[in-house]
Amino acid sequence: MNFKRALAVSRRVFMDLKNDKRTLALIIIAPLFAMAIFGLAFSGQISDVKVIVVNDDMGMNTTIGQVYLSEVVISNLDPDTLSITTMDDLPSAISEIESGNAYAVFYFPANFTNITILAYNQMTEASTSVGIHIDMSNVNVADTIMQTFNDAVQKTMQERGLEMPVSIQKEAVYGANASFMDFFVPGIMAFVVYILTTLLTLINFVGERTSGTLARLTATPLRESEIVAGYAMTFSVVGTLQALLLLTVGMLVFGVNVEGNVALAFMVVALLAIVCQALGILLSSITHREAQAIQLIPFIIMPGFLLSGVFWPLEALPTWLRPFSYLVPPSYAIDACRSVMLRGWGLDMIWIDVVALIVFAAVFLFLATLSLKRRG
Amino acid sequence: MHAIKVEKLEKKFGDFRALDGLDLDIRKGEVYGLLGPNGAGKTTAIKVLTGLLKMTAGNAEVLGTRLPNKDITQRVGYMPQETALYLGLTVHQNLEFFGKLFGMDKSKILEREAELLKFIDLERWKDEMVTNLSGGMKHRVSLACALIHEPEVLFLDEPTVGVDPELRESFWKFFGNLKEKGITILITTHYMDEASHCDRIGFMRTGKLIAEGQPQAILREAGTKSLEDAFLFFARRGK
Ligand SMILES: Nc1ncnc2c1ncn2[C@@H]1O[C@H](COP(=O)(O)OP(=O)(O)OP(=O)(O)O)[C@@H](O)[C@H]1O
Ligand SMILES: [Mg+2]
């Protein structure tokens, strides 16, 4: 292993990336684009969901006058999330759901206030219920509706001094003031470096194979390990620069906050880039033409997208699928970057992720070198 | 002193014998021309001798070193049949890259680069991206890359393809100069007129030599006026 020759390869790859304006634009713009598009799309709250209230509640006569508990619940429904209209008759309200004009109908029966108060004071065994007719075809929307309704009921009870038997107190251990972007930027940093490094090395290397330069290098003193090391140097630097760019724009534009040591997060990203460039070289050995490399792209993107935890938590995957996330290198980098940047963890806490990445790097670098040594 | 010595060299691709008992014995400072039809095995022979392919049987030595051997690459120059350059890099960047691979320092590379650019007549194009050059110009850059480290043995696979006649003439003059310095050249070509510049030529067919000698001697033996006819003569006789 001769460092000068590896450095020559590294410089050559740098110049290749630099000379090609489109590649350069891809390296700079693609991460920002991904952050903006995904960040804005995923951080969006569900809002203005159309629901209909049908209120038959007769109220209850108390010492302070006629009380309508239903009205209080309705007024406690979050007006940003739900857009509420009232109707008089349940069947026609339900037909609005059927025709797709509304997502849900809340129906308060005539005895709602009466039974609720009596039951609370243990003066009756009877019970009452609110009927919620709901379109479950969009699970996220349906969940939000139910959540909003439950919140309104709880708030009403508290306001009336009707103590719940159990009270819940939430205290943030980490990320007390974290916004969605604070959570998202560390993930997208690692994710973008995974995708771009793998693709750029794959394309660059398929080029080396098809143009005959790789074969020509065989007739020089350059060794296979030096080629791999040269690519690794370039892409670890490029990956770190991309992460730096993302974080800078994230902080300036999206007001992202960082808890921990950013340098540690960058080190993780650089390590991931080394893993990914070796993966790119390895993948290039099973392709002979550029067109074949393009066929591989979905197999690079999809597992990273689904299994790395960047957009959905791994807990959202079916249990049988979860172990596969251990096979996807960006999973470790995303986890480590989040732990560092959101929780402020140090190397002592993320070392398992780092070790996993080092193992991946060692195996992939070895295999990539081996794949280059194989010749006719 | 042999610069290149090859005995019973065999290269199989699956069951197909691209080289089938090739023998070569090329002296130091000799310009040796390898001729033969498409698919004769000329490129395969060069690829085995430069370490791109592994031989399946036989023996090969370059500058007294038995192949395969990585260290010998330092003293060997190779110009592949296809252009094999970094198209996204400039002429200068290509030359510099190959120079560095051979451990040359910056000033030495620049000095050598100036010489070579003058010889291939591309001084004006030094900072042009290779992809923007014409086919023949790319070929000239490729030759310069093979020469950057002043190799002692040169393997040139069809170096004059697509090069205009005037420049081809100057190429052969240059090869003559290299020979004067004791550099050995193994060259393949389809231009029979060029072959007469060689000290010796070898006719190849189906992976082995069917005739070998000085161009004049070959003509005498075949009793023909041109090397083309001589080749046909040996090819028919071989059957
Ligand atoms: N990698 C390979 N796999 C299988 N067959 C090969 C391979 N490389 C070369 N061959 C075969 O070996 C034979 C010799 O090819 P080679 O390229 O050496 O010919 P050549 O004499 O250089 O021809 P040309 O004048 O066209 O350059 C051909 O039949 C070719 O098809
Ligand atoms: Mg050939």
# chains A, B, ... in the order shown; residues from 1 in each chain; ligands from 1
>>> closest_atom_pairs(of="chain B", to="ligand 1", cutoff="6 Å", atoms="only C-alpha atoms and all ligand atoms", output="tab-separated table")
residue	atom	partner	partner_atom_place_in_ligand_line	distance
B:Phe13	CA	ligand 1	4 (C)	4.9
B:Ala18	CA	ligand 1	12 (O)	4.3
B:Pro37	CA	ligand 1	25 (O)	5.5
B:Asn38	CA	ligand 1	26 (O)	3.4
B:Gly39	CA	ligand 1	19 (O)	3.4
B:Ala40	CA	ligand 1	21 (O)	3.8
B:Gly41	CA	ligand 1	18 (O)	3.1
B:Lys42	CA	ligand 1	21 (O)	3.7
B:Thr43	CA	ligand 1	22 (O)	3.6
B:Thr44	CA	ligand 1	18 (O)	3.7
>>> residues_around(residues="segment 183-198 of chain B", least_positions_apart="6", cutoff="6 Å", atoms="only C-alpha atoms", output="short mmCIF file (atom, residue, chain, number, x, y, z; two decimals) with C-alpha atoms, in the first residue's frame")
data_model
loop_
_atom_site.label_atom_id
_atom_site.label_comp_id
_atom_site.auth_asym_id
_atom_site.auth_seq_id
_atom_site.Cartn_x
_atom_site.Cartn_y
_atom_site.Cartn_z
CA LYS B 28 16.69 -5.35 -26.08
CA GLY B 29 16.40 -2.31 -28.36
CA GLU B 30 14.46 -4.19 -31.00
CA VAL B 31 11.29 -2.94 -32.68
CA TYR B 32 9.12 -5.99 -33.19
CA GLY B 33 5.89 -5.88 -35.18
CA LEU B 34 3.13 -8.35 -34.48
CA LEU B 35 0.81 -8.74 -37.45
CA GLU B 152 12.35 0.42 -21.04
CA VAL B 153 9.86 -1.85 -22.78
CA LEU B 154 6.85 -0.59 -24.69
CA PHE B 155 3.76 -2.55 -25.65
CA LEU B 156 1.80 -0.59 -28.23
CA ASP B 157 -1.50 -2.06 -29.42
CA GLU B 158 -2.31 -0.44 -32.76
CA PRO B 215 10.72 -7.77 -43.36
#
>>> residues_around(residues="Lys4 of chain A", least_positions_apart="4", cutoff="8 Å", atoms="only C-alpha atoms", output="mmCIF file with N, CA, C and O atoms, in the first residue's frame")
data_model
loop_
_atom_site.group_PDB
_atom_site.id
_atom_site.type_symbol
_atom_site.label_atom_id
_atom_site.label_comp_id
_atom_site.auth_asym_id
_atom_site.auth_seq_id
_atom_site.Cartn_x
_atom_site.Cartn_y
_atom_site.Cartn_z
ATOM 1 N N ALA A 8 -2.963 9.921 -5.423
ATOM 2 C CA ALA A 8 -3.114 10.275 -6.839
ATOM 3 C C ALA A 8 -4.489 9.841 -7.342
ATOM 4 O O ALA A 8 -5.158 10.580 -8.072
ATOM 5 N N LYS B 100 2.174 10.174 -11.761
ATOM 6 C CA LYS B 100 2.208 9.954 -10.314
ATOM 7 C C LYS B 100 2.130 8.477 -9.958
ATOM 8 O O LYS B 100 2.720 8.036 -8.970
ATOM 9 N N GLY B 103 5.297 7.066 -9.624
ATOM 10 C CA GLY B 103 6.141 7.641 -8.578
ATOM 11 C C GLY B 103 6.951 8.851 -9.022
ATOM 12 O O GLY B 103 7.925 9.211 -8.371
#
>>> interface_residues(of="chain B", to="chain A", cutoff="10 Å", atoms="only C-alpha atoms", output="PDB file with N, CA, C and O atoms, in the first residue's frame")
ATOM      1  N   LYS B  11      -3.336 -19.040 -23.689  1.00  0.00           N
ATOM      2  CA  LYS B  11      -4.395 -18.354 -22.947  1.00  0.00           C
ATOM      3  C   LYS B  11      -5.731 -18.906 -23.427  1.00  0.00           C
ATOM      4  O   LYS B  11      -6.067 -18.807 -24.608  1.00  0.00           O
ATOM      5  N   LYS B  12      -6.454 -19.490 -22.507  1.00  0.00           N
ATOM      6  CA  LYS B  12      -7.765 -20.038 -22.861  1.00  0.00           C
ATOM      7  C   LYS B  12      -8.870 -19.167 -22.276  1.00  0.00           C
ATOM      8  O   LYS B  12      -8.783 -18.727 -21.135  1.00  0.00           O
ATOM      9  N   PHE B  13      -9.894 -18.886 -23.078  1.00  0.00           N
ATOM     10  CA  PHE B  13     -11.143 -18.305 -22.556  1.00  0.00           C
ATOM     11  C   PHE B  13     -12.161 -19.424 -22.613  1.00  0.00           C
ATOM     12  O   PHE B  13     -12.663 -19.744 -23.680  1.00  0.00           O
ATOM     13  N   LYS B  47      -1.890  -8.305 -23.559  1.00  0.00           N
ATOM     14  CA  LYS B  47      -2.540  -8.233 -22.241  1.00  0.00           C
ATOM     15  C   LYS B  47      -1.912  -9.216 -21.254  1.00  0.00           C
ATOM     16  O   LYS B  47      -1.798  -8.908 -20.065  1.00  0.00           O
ATOM     17  N   VAL B  48      -1.520 -10.365 -21.735  1.00  0.00           N
ATOM     18  CA  VAL B  48      -0.842 -11.310 -20.841  1.00  0.00           C
ATOM     19  C   VAL B  48       0.515 -10.736 -20.438  1.00  0.00           C
ATOM     20  O   VAL B  48       0.910 -10.790 -19.266  1.00  0.00           O
ATOM     21  N   LEU B  49       1.228 -10.131 -21.394  1.00  0.00           N
ATOM     22  CA  LEU B  49       2.574  -9.630 -21.111  1.00  0.00           C
ATOM     23  C   LEU B  49       2.568  -8.381 -20.232  1.00  0.00           C
ATOM     24  O   LEU B  49       3.575  -8.042 -19.619  1.00  0.00           O
ATOM     25  N   THR B  50       1.416  -7.682 -20.171  1.00  0.00           N
ATOM     26  CA  THR B  50       1.349  -6.497 -19.311  1.00  0.00           C
ATOM     27  C   THR B  50       0.610  -6.779 -18.010  1.00  0.00           C
ATOM     28  O   THR B  50       0.392  -5.874 -17.210  1.00  0.00           O
ATOM     29  N   GLY B  51       0.203  -8.026 -17.813  1.00  0.00           N
ATOM     30  CA  GLY B  51      -0.396  -8.392 -16.532  1.00  0.00           C
ATOM     31  C   GLY B  51      -1.894  -8.204 -16.456  1.00  0.00           C
ATOM     32  O   GLY B  51      -2.492  -8.389 -15.399  1.00  0.00           O
ATOM     33  N   LEU B  52      -2.536  -7.830 -17.565  1.00  0.00           N
ATOM     34  CA  LEU B  52      -3.991  -7.656 -17.536  1.00  0.00           C
ATOM     35  C   LEU B  52      -4.710  -8.999 -17.517  1.00  0.00           C
ATOM     36  O   LEU B  52      -5.794  -9.126 -16.966  1.00  0.00           O
ATOM     37  N   LEU B  53      -4.094  -9.992 -18.153  1.00  0.00           N
ATOM     38  CA  LEU B  53      -4.686 -11.329 -18.190  1.00  0.00           C
ATOM     39  C   LEU B  53      -3.688 -12.325 -17.609  1.00  0.00           C
ATOM     40  O   LEU B  53      -2.472 -12.118 -17.683  1.00  0.00           O
ATOM     41  N   LYS B  54      -4.246 -13.399 -17.045  1.00  0.00           N
ATOM     42  CA  LYS B  54      -3.377 -14.462 -16.532  1.00  0.00           C
ATOM     43  C   LYS B  54      -3.210 -15.518 -17.619  1.00  0.00           C
ATOM     44  O   LYS B  54      -4.181 -15.926 -18.251  1.00  0.00           O
ATOM     45  N   MET B  55      -1.974 -15.929 -17.832  1.00  0.00           N
ATOM     46  CA  MET B  55      -1.763 -17.012 -18.812  1.00  0.00           C
ATOM     47  C   MET B  55      -2.279 -18.318 -18.224  1.00  0.00           C
ATOM     48  O   MET B  55      -2.328 -18.487 -17.004  1.00  0.00           O
ATOM     49  N   THR B  56      -2.697 -19.226 -19.105  1.00  0.00           N
ATOM     50  CA  THR B  56      -3.161 -20.515 -18.587  1.00  0.00           C
ATOM     51  C   THR B  56      -2.077 -21.583 -18.682  1.00  0.00           C
ATOM     52  O   THR B  56      -2.148 -22.600 -18.014  1.00  0.00           O
ATOM     53  N   LYS B  70       4.300  -7.794 -10.429  1.00  0.00           N
ATOM     54  CA  LYS B  70       3.804  -6.423 -10.363  1.00  0.00           C
ATOM     55  C   LYS B  70       4.941  -5.407 -10.466  1.00  0.00           C
ATOM     56  O   LYS B  70       4.769  -4.345 -11.043  1.00  0.00           O
ATOM     57  N   ASP B  71       6.108  -5.737  -9.896  1.00  0.00           N
ATOM     58  CA  ASP B  71       7.203  -4.764  -9.838  1.00  0.00           C
ATOM     59  C   ASP B  71       7.687  -4.357 -11.225  1.00  0.00           C
ATOM     60  O   ASP B  71       8.130  -3.228 -11.427  1.00  0.00           O
ATOM     61  N   ILE B  72       7.573  -5.265 -12.177  1.00  0.00           N
ATOM     62  CA  ILE B  72       8.107  -4.988 -13.505  1.00  0.00           C
ATOM     63  C   ILE B  72       7.310  -3.892 -14.218  1.00  0.00           C
ATOM     64  O   ILE B  72       7.838  -3.221 -15.111  1.00  0.00           O
ATOM     65  N   THR B  73       6.053  -3.664 -13.772  1.00  0.00           N
ATOM     66  CA  THR B  73       5.225  -2.641 -14.418  1.00  0.00           C
ATOM     67  C   THR B  73       5.905  -1.269 -14.400  1.00  0.00           C
ATOM     68  O   THR B  73       5.665  -0.440 -15.282  1.00  0.00           O
ATOM     69  N   GLN B  74       6.748  -1.035 -13.400  1.00  0.00           N
ATOM     70  CA  GLN B  74       7.461   0.233 -13.274  1.00  0.00           C
ATOM     71  C   GLN B  74       8.317   0.525 -14.510  1.00  0.00           C
ATOM     72  O   GLN B  74       8.532   1.675 -14.867  1.00  0.00           O
ATOM     73  N   ARG B  75       8.781  -0.518 -15.167  1.00  0.00           N
ATOM     74  CA  ARG B  75       9.710  -0.351 -16.295  1.00  0.00           C
ATOM     75  C   ARG B  75       9.043  -0.593 -17.646  1.00  0.00           C
ATOM     76  O   ARG B  75       9.708  -0.651 -18.671  1.00  0.00           O
ATOM     77  N   VAL B  76       7.706  -0.773 -17.601  1.00  0.00           N
ATOM     78  CA  VAL B  76       6.986  -1.141 -18.817  1.00  0.00           C
ATOM     79  C   VAL B  76       5.939  -0.085 -19.154  1.00  0.00           C
ATOM     80  O   VAL B  76       5.277   0.446 -18.267  1.00  0.00           O
ATOM     81  N   GLY B  77       5.801   0.221 -20.444  1.00  0.00           N
ATOM     82  CA  GLY B  77       4.744   1.131 -20.885  1.00  0.00           C
ATOM     83  C   GLY B  77       3.734   0.367 -21.717  1.00  0.00           C
ATOM     84  O   GLY B  77       4.114  -0.522 -22.486  1.00  0.00           O
ATOM     85  N   TYR B  78       2.461   0.719 -21.564  1.00  0.00           N
ATOM     86  CA  TYR B  78       1.418  -0.018 -22.277  1.00  0.00           C
ATOM     87  C   TYR B  78       0.392   0.941 -22.847  1.00  0.00           C
ATOM     88  O   TYR B  78      -0.151   1.784 -22.138  1.00  0.00           O
ATOM     89  N   MET B  79       0.171   0.827 -24.136  1.00  0.00           N
ATOM     90  CA  MET B  79      -0.887   1.611 -24.758  1.00  0.00           C
ATOM     91  C   MET B  79      -1.939   0.642 -25.273  1.00  0.00           C
ATOM     92  O   MET B  79      -1.699  -0.117 -26.203  1.00  0.00           O
ATOM     93  N   PRO B  80      -3.126   0.643 -24.637  1.00  0.00           N
ATOM     94  CA  PRO B  80      -4.158  -0.315 -25.031  1.00  0.00           C
ATOM     95  C   PRO B  80      -4.749   0.012 -26.396  1.00  0.00           C
ATOM     96  O   PRO B  80      -4.584   1.119 -26.908  1.00  0.00           O
ATOM     97  N   GLN B  81      -5.439  -0.976 -26.955  1.00  0.00           N
ATOM     98  CA  GLN B  81      -6.060  -0.795 -28.271  1.00  0.00           C
ATOM     99  C   GLN B  81      -7.188   0.235 -28.198  1.00  0.00           C
ATOM    100  O   GLN B  81      -7.300   1.098 -29.055  1.00  0.00           O
ATOM    101  N   GLU B  82      -8.005   0.149 -27.140  1.00  0.00           N
ATOM    102  CA  GLU B  82      -9.043   1.176 -26.955  1.00  0.00           C
ATOM    103  C   GLU B  82      -8.383   2.372 -26.262  1.00  0.00           C
ATOM    104  O   GLU B  82      -7.311   2.234 -25.685  1.00  0.00           O
ATOM    105  N   THR B  83      -9.011   3.522 -26.338  1.00  0.00           N
ATOM    106  CA  THR B  83      -8.327   4.738 -25.901  1.00  0.00           C
ATOM    107  C   THR B  83      -7.983   4.741 -24.412  1.00  0.00           C
ATOM    108  O   THR B  83      -6.905   5.139 -24.021  1.00  0.00           O
ATOM    109  N   ALA B  84      -8.930   4.290 -23.566  1.00  0.00           N
ATOM    110  CA  ALA B  84      -8.646   4.123 -22.142  1.00  0.00           C
ATOM    111  C   ALA B  84      -8.017   5.343 -21.474  1.00  0.00           C
ATOM    112  O   ALA B  84      -6.943   5.276 -20.892  1.00  0.00           O
ATOM    113  N   LEU B  85      -8.709   6.480 -21.582  1.00  0.00           N
ATOM    114  CA  LEU B  85      -8.263   7.690 -20.894  1.00  0.00           C
ATOM    115  C   LEU B  85      -9.409   8.186 -20.019  1.00  0.00           C
ATOM    116  O   LEU B  85     -10.552   7.767 -20.209  1.00  0.00           O
ATOM    117  N   TYR B  86      -9.096   9.079 -19.082  1.00  0.00           N
ATOM    118  CA  TYR B  86     -10.155   9.702 -18.289  1.00  0.00           C
ATOM    119  C   TYR B  86     -10.713  10.874 -19.089  1.00  0.00           C
ATOM    120  O   TYR B  86     -10.100  11.931 -19.173  1.00  0.00           O
ATOM    121  N   LEU B  87     -11.864  10.647 -19.681  1.00  0.00           N
ATOM    122  CA  LEU B  87     -12.426  11.627 -20.608  1.00  0.00           C
ATOM    123  C   LEU B  87     -12.804  12.923 -19.913  1.00  0.00           C
ATOM    124  O   LEU B  87     -12.795  13.987 -20.516  1.00  0.00           O
ATOM    125  N   GLY B  88     -13.136  12.835 -18.633  1.00  0.00           N
ATOM    126  CA  GLY B  88     -13.556  14.018 -17.891  1.00  0.00           C
ATOM    127  C   GLY B  88     -12.383  14.831 -17.363  1.00  0.00           C
ATOM    128  O   GLY B  88     -12.577  15.849 -16.702  1.00  0.00           O
ATOM    129  N   LEU B  89     -11.172  14.370 -17.620  1.00  0.00           N
ATOM    130  CA  LEU B  89      -9.979  15.095 -17.180  1.00  0.00           C
ATOM    131  C   LEU B  89      -9.320  15.748 -18.398  1.00  0.00           C
ATOM    132  O   LEU B  89      -9.526  15.315 -19.530  1.00  0.00           O
ATOM    133  N   THR B  90      -8.514  16.767 -18.137  1.00  0.00           N
ATOM    134  CA  THR B  90      -7.805  17.403 -19.245  1.00  0.00           C
ATOM    135  C   THR B  90      -6.614  16.536 -19.659  1.00  0.00           C
ATOM    136  O   THR B  90      -6.262  15.586 -18.959  1.00  0.00           O
ATOM    137  N   GLN B  93      -4.093  16.682 -16.939  1.00  0.00           N
ATOM    138  CA  GLN B  93      -4.475  15.915 -15.747  1.00  0.00           C
ATOM    139  C   GLN B  93      -4.292  14.416 -15.957  1.00  0.00           C
ATOM    140  O   GLN B  93      -3.898  13.694 -15.038  1.00  0.00           O
ATOM    141  N   ASN B  94      -4.570  13.948 -17.175  1.00  0.00           N
ATOM    142  CA  ASN B  94      -4.341  12.533 -17.484  1.00  0.00           C
ATOM    143  C   ASN B  94      -2.858  12.191 -17.376  1.00  0.00           C
ATOM    144  O   ASN B  94      -2.481  11.220 -16.721  1.00  0.00           O
ATOM    145  N   GLU B  96      -0.508  13.775 -15.819  1.00  0.00           N
ATOM    146  CA  GLU B  96      -0.045  13.942 -14.453  1.00  0.00           C
ATOM    147  C   GLU B  96      -0.428  12.726 -13.599  1.00  0.00           C
ATOM    148  O   GLU B  96       0.374  12.207 -12.816  1.00  0.00           O
ATOM    149  N   PHE B  97      -1.674  12.266 -13.778  1.00  0.00           N
ATOM    150  CA  PHE B  97      -2.149  11.115 -13.007  1.00  0.00           C
ATOM    151  C   PHE B  97      -1.274   9.884 -13.276  1.00  0.00           C
ATOM    152  O   PHE B  97      -0.781   9.243 -12.346  1.00  0.00           O
ATOM    153  N   PHE B  98      -1.053   9.589 -14.569  1.00  0.00           N
ATOM    154  CA  PHE B  98      -0.254   8.402 -14.873  1.00  0.00           C
ATOM    155  C   PHE B  98       1.186   8.574 -14.386  1.00  0.00           C
ATOM    156  O   PHE B  98       1.788   7.635 -13.881  1.00  0.00           O
ATOM    157  N   GLY B  99       1.714   9.781 -14.509  1.00  0.00           N
ATOM    158  CA  GLY B  99       3.055  10.036 -14.003  1.00  0.00           C
ATOM    159  C   GLY B  99       3.171   9.731 -12.518  1.00  0.00           C
ATOM    160  O   GLY B  99       4.111   9.073 -12.064  1.00  0.00           O
ATOM    161  N   LYS B 100       2.174  10.174 -11.761  1.00  0.00           N
ATOM    162  CA  LYS B 100       2.208   9.954 -10.314  1.00  0.00           C
ATOM    163  C   LYS B 100       2.130   8.477  -9.958  1.00  0.00           C
ATOM    164  O   LYS B 100       2.720   8.036  -8.970  1.00  0.00           O
ATOM    165  N   LEU B 101       1.371   7.721 -10.758  1.00  0.00           N
ATOM    166  CA  LEU B 101       1.262   6.293 -10.474  1.00  0.00           C
ATOM    167  C   LEU B 101       2.628   5.618 -10.559  1.00  0.00           C
ATOM    168  O   LEU B 101       2.882   4.611  -9.915  1.00  0.00           O
ATOM    169  N   PHE B 102       3.507   6.212 -11.392  1.00  0.00           N
ATOM    170  CA  PHE B 102       4.843   5.630 -11.520  1.00  0.00           C
ATOM    171  C   PHE B 102       5.833   6.307 -10.569  1.00  0.00           C
ATOM    172  O   PHE B 102       7.045   6.175 -10.731  1.00  0.00           O
ATOM    173  N   GLY B 103       5.297   7.066  -9.624  1.00  0.00           N
ATOM    174  CA  GLY B 103       6.141   7.641  -8.578  1.00  0.00           C
ATOM    175  C   GLY B 103       6.951   8.851  -9.022  1.00  0.00           C
ATOM    176  O   GLY B 103       7.925   9.211  -8.371  1.00  0.00           O
ATOM    177  N   MET B 129     -10.367  19.273 -22.089  1.00  0.00           N
ATOM    178  CA  MET B 129     -10.912  18.000 -21.620  1.00  0.00           C
ATOM    179  C   MET B 129     -10.740  16.958 -22.731  1.00  0.00           C
ATOM    180  O   MET B 129     -11.031  17.243 -23.896  1.00  0.00           O
ATOM    181  N   ALA B 146       1.403   6.380 -22.102  1.00  0.00           N
ATOM    182  CA  ALA B 146       2.196   5.150 -22.012  1.00  0.00           C
ATOM    183  C   ALA B 146       3.683   5.455 -21.913  1.00  0.00           C
ATOM    184  O   ALA B 146       4.466   4.633 -21.445  1.00  0.00           O
TER     185      ALA B 146
END
>>> closest_residue(among="B:Pro151, B:Pro165, B:Gly223, B:Gly36", to="ligand 2", atoms="only C-alpha atoms and all ligand atoms")
B:Gly36
>>> atom_distance(atom1="atom CA of Leu245 of chain A", atom2="atom CA of Gln277 of chain A")
19.8 Å
>>> select_by_dssp(residues="segment 7-170 of chain A", states="strand (DSSP E)", output="MDAnalysis selection string")
chainID A and resid 49:55 60:62 65:67 82:87 104:108 131:134
>>> atom_distance(atom1="atom CA of Ala190 of chain A", atom2="atom CA of Leu372 of chain A")
27.1 Å
>>> atom_distance(atom1="atom CA of Arg343 of chain A", atom2="atom CA of Tyr174 of chain A")
5.6 Å
>>> residues_around(residues="Ala273 of chain A", least_positions_apart="3", cutoff="9 Å", atoms="only C-alpha atoms", output="list in words")
Ala190, Val193, Tyr194, Thr197, Thr198, Ala232, Phe235, Ser236, Val237, Val238, Gly239, Thr240, Val268, Val269, Ala270, Cys276, Gln277 and Ala278 of chain A
>>> select_by_dssp(residues="segment 137-237 of chain A", states="alpha helix (DSSP H)", output="count of residues only")
73
>>> residues_around(residues="segment 133-146 of chain A", least_positions_apart="4", cutoff="10 Å", atoms="only C-alpha atoms", output="PDB file with C-alpha atoms, in the first residue's frame")
ATOM      1  CA  GLN A  45     -49.502  18.498  10.451  1.00  0.00           C
ATOM      2  CA  ILE A  46     -52.871  17.057   9.485  1.00  0.00           C
ATOM      3  CA  SER A  47     -55.277  19.966   9.470  1.00  0.00           C
ATOM      4  CA  VAL A  49     -60.257  17.614   8.425  1.00  0.00           C
ATOM      5  CA  LYS A  50     -63.981  17.915   7.723  1.00  0.00           C
ATOM      6  CA  VAL A  51     -66.175  16.478  10.489  1.00  0.00           C
ATOM      7  CA  ILE A  52     -69.861  16.859  11.246  1.00  0.00           C
ATOM      8  CA  LEU A  77     -62.131  20.184  19.740  1.00  0.00           C
ATOM      9  CA  ASP A  78     -58.959  21.585  18.198  1.00  0.00           C
ATOM     10  CA  THR A  81     -57.126  20.044  13.106  1.00  0.00           C
ATOM     11  CA  LEU A  82     -60.844  19.734  12.536  1.00  0.00           C
ATOM     12  CA  LEU A  90     -77.754  11.610  11.849  1.00  0.00           C
ATOM     13  CA  ALA A  93     -74.803  13.372   8.207  1.00  0.00           C
ATOM     14  CA  ILE A  94     -73.620   9.793   7.656  1.00  0.00           C
ATOM     15  CA  ILE A  97     -69.270  10.507   4.819  1.00  0.00           C
ATOM     16  CA  GLU A  98     -70.501   8.034   2.260  1.00  0.00           C
ATOM     17  CA  GLY A 100     -66.792  11.609   0.652  1.00  0.00           C
ATOM     18  CA  ALA A 102     -66.686  14.430   5.460  1.00  0.00           C
ATOM     19  CA  TYR A 103     -64.367  12.091   7.330  1.00  0.00           C
ATOM     20  CA  ALA A 104     -66.402  11.625  10.520  1.00  0.00           C
ATOM     21  CA  VAL A 105     -69.640  12.316  12.345  1.00  0.00           C
ATOM     22  CA  PHE A 106     -69.733  12.850  16.126  1.00  0.00           C
ATOM     23  CA  TYR A 107     -73.177  12.015  17.487  1.00  0.00           C
ATOM     24  CA  ASN A 150     -60.101  12.112  23.123  1.00  0.00           C
ATOM     25  CA  ASP A 151     -58.108  15.245  23.882  1.00  0.00           C
ATOM     26  CA  ALA A 152     -61.301  17.325  23.876  1.00  0.00           C
TER      27      ALA A 152
END
